[in-house]
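S.K.: Shown below is the structure under consideration.
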Amino acid sequence: MEVLFLLILISLFLGLLGLAAFVWSLRSQQFDDSAGNAARILFEEDDP
Amino acid sequence: MSVAACPACIALPSDEIIEQVQMAQRLSISVPDMRCAACMQKIERAVSEVKGVISARVNLSQKQVMIHRAPEIDIEDAILDAITNLGFEAHLLDNKQMGTVRDTAGHALLMRLGVAGFAAVNVMLLSVSVWAGADGTMMTLLHLISAAIAIPSLFFSAQPFFKSALQALRARGLNMDVPISLAILIAAVMSLYETLIGGGAVYFDAALSLTFFLLAGRYLDHQSRLKARSAAVELSALVLPRAQKITATGICTVDIQELELGDHILVRRGARVPVDGLLHSEAADMDVSILSGESLPMAMVTGAPVFAGSMNLGAPVEICVTSIGQDTRLAEIAQMVATAEASKTRYTSLADRAAQIYAPVVHLLALLAFVFWQFYSGDTRFAITVATAVLIITCPCALGLAVPAVMTVASGRLFRQGVIIRNGTALERLCSVDTVVFDKTGTLTSGDFTISKRPAPQEHRLAQALALKSDHPLCRAITDDGVSGALPHITDIQEISGCGMQGKYLGQTVKLGHAEWVGAHSSSDQVQTWIRFGQQSPQMFQFAERPKPSAKPAIEMLLARGLRVVILSGDRQQSVDRFAQSMGVSQAVGGVLPEEKMRLLRSFGDKVLMIGDGLNDTAALASASVSMAPAKAIDAARAASDFVLSRDDLTLIASTITTAQSARLRMLENFSIAAGYNAVAIPIALVGLASPLLAAIAMSGSSICVSLNALRVKGEA
């Protein structure tokens with residue numbers, strides 16, 4: 001049964017990891033301009 | 001503002017200072033015509049190349065360029081020039097008025113949605129183990145962990161509902177959020193109590209998934225309203241924050257507020273006039289379409305009044321300032337629009353009407369259940385459990401998703417067709433429209449002209465050679481008219497503001513322009529221009545406004561639906577009548593001022609769809625029950641409209657009405673589905689048979705049904 005506690009902890013940790021990734025993407029403005037970001041992947045790389 | 005050196009004495013929080021400093025080095029420019037990846041890249045490249053620009057980033061969703069600039073140089077004009085040269089219209093936005101460009105409300109909702117989603121999934125996992133048969137200490141432990149996740153998450157993510165419910169209660173009303181907040185609060189408190197005493201009626205998962213589904217609905221709703229920035233704010237964005245003042249020492253760029261009445265300012269070619277004033281230069285060609293809707297440039301002479309918002313089409317002109325800021329015509333119109341926006345009869349959306357029935361019924365049922373079980377069984381704990389189950393299980397999430405899910409599907413469908421919805425309840429209002437009112441210039445016509453009568457071939461070619469050197473719309477029509485053979489070589493070509501074009505050919509003067517100037521006599525009210533070679537008799541070009549190719553089919557489609565179609569225009573009655581006849585429209589009113597447009601609209605009843613594109617239509621757009629702006633409308637008209645067409649195709653109007661009717665049907669069906677679920681679930685809850693498992697199933701089941709039904713919204717006519 002002890003393994004259950006470990007599993008609960010692991011699942012919570014993974015869940016929090018996902019949440020953290022989501023918060024990070026939100027904070028780094030990745031949700032600000034969905035139309036623009038969709039278009040940006042079509043850009044040629046800028047000259048160095 | 002001074003920044004104190006000692007950290008303890010700082011009057012402003014450092015964040016605020018940093019923000020203010022950054023604000024000063026930041027510029028936002030609105031570029032309404034930008035549509036695709038290619039536009040974005042072109043604009044970013046061009047702006048980055050301007051000296052003094054550190055970085056430029058386009059936001060395609062908001063159609064703005066955010067520029068980070070070096071603090072010391074004046075570069076606004078250079079940037080605007082760079083964008084204008086690419087063929088886009090660009091307005092400088094005043095950062096202070098527009099506020100920050102970032103969508104903080106949307107961010108907050110997304111953040112709450114993320115937290116609710118995380119918590120709901122994890123608690124659901126724990127609940128599955130309880131339903132699978134965990135009992136005793138194991139069950140209590142699982143419940144405790146659930147509580148540890150659920151309570152803080154609920155406290156954080158359900159805040160929008162709590163706040164809105166509080167507001168409604170303070171105003172002594174009920175809205176959808178009152179039963180929702182009650183259900184979440186009571187469920188959380190009761191589940192915590194049950195957990196602590198080791199009981200089984202724990203509803204954390206239901207409360208969380210309820211919050212999650214409702215937040216999803218709320219976010220969809222927010223997304224569809226995001227672009228609904230107030231038209232009045234957009235209008236004031238048209239007011240330029242700076243002007244080029246002419247002083248004894250030269251020309252310097254100053255803030256509008258620093259100008260005084262009587263000052264002289266310079267307006268570049270292609271720039272908008274920032275103030276109301278009198279023309280000081282000898283002559284000017286101004287595009288006043290934004291104010292009057294008149295598509296032809298207006299020729300002015302010294303002393304003529306010039307209004308803020310007009311665009312200078314000719315050589316740079318000098319203007320003597322007569323009023324600035326709030327006293328300009330433009331500001332008056334903005335004020336009128338703000339009043340129209342505020343007085344627009346508040347439409348009660350379907351969702352609100354549903355909530356008005358739903359909330360009291362649910363509260364009454366829950367109360368009755370509590371009272372009955374309290375007296376029947378004498379077990380207060382059981383009575384509370386039943387009342388909570390009633391509150392939770394009555395599917396507020398199906399109701400909360402019923403409208404946003406349909407809205408999202410419908411707006412997605414419309415977007416792919418080329419229609420952008422800017423207002424959530426617009427689709428519902430569009431269903432019942434019985435009159436469609438069109439503005440003429442720019443909406444039904446393209447603003448371009450075609451030649452209906454031409455002079456003899458020799459004069460025709462001379463005129464083409466002259467017209468090539470001008471940007472005037474009539475000149476463009478002449479050059480577009482098909483070149484036959486080589487053009488004569490004309491020397492000394494000059495554009496005389498307010499009169500026309502002049503040049504020398506074979507030693508004689510050639511003039512192309514107004515009747516009086518070339519020495520012709522004209523009494524026609526049609527649009528004409530004259531060409532005269534030397535002393536030969538002047539000859540005439542006559543023009544007709546070119547209707548958009550989609551205008552006639554669009555009007556026919558609307559008439560076929562049995563709608564009344566009316567054309568309103570600021571142009572002369574005769575030309576409007578002629579145009580209406582060619583379009584097959586029987587009712588047309590010409591010579592209408594912006595204020596009259598508003599009054600006329602009201603006289604058509606309260607089910608009017610207004611379609612217009614200019615500043616002169618903005619007040620009418622804001623006061624009509626539903627409004628649409630065509631593809632090339634100005635920002636303010638877009639902002640005042642419920643729908644914006646992103647493709648230049650007016651037949652979209654009819655197909656939008658079809659989609660709106662289909663969407664309304666789906667919304668009503670969704671409410672029936674939610675009601676059907678309640679009809680089954682409420683009796684179960686009332687007799688005390690509802691378990692947390694049943695609540696979870698009812699909740700997800702109804703939400704999924706409602707979302708699936710929303711997908712049936714029709715996209716095409």
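In the structure tokens, chains take the letters A, B, ... in the order shown, each chain's residues start at 1, and ligands count up from 1 in the order shown.
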Please give the complete set of residues from region 366-572 of chain B that DSSP, run on the backbone, assigns to strand (DSSP E), formatted as a PyMOL selection string.

M.R.: chain B and resi 419-421+435-439+445-453+491-496+500-505+508-513+527-533+539-547+564-568

S.K.: Tell me as a list in words which residues belonging to chain A come within 6 Å of chain B, counting only C-alpha atoms.

M.R.: Asp33, Ala35, Gly36 and Ala39 of chain A

S.K.: Hey, what's within 12 Å of region 669-674 of chain B if we count only C-alpha atoms and toss same-chain stuff fewer than 6 positions away? As a ChimeraX atom specification, please?

M.R.: /B:350-355,357-358,393-407,662-663,680-682,698-713
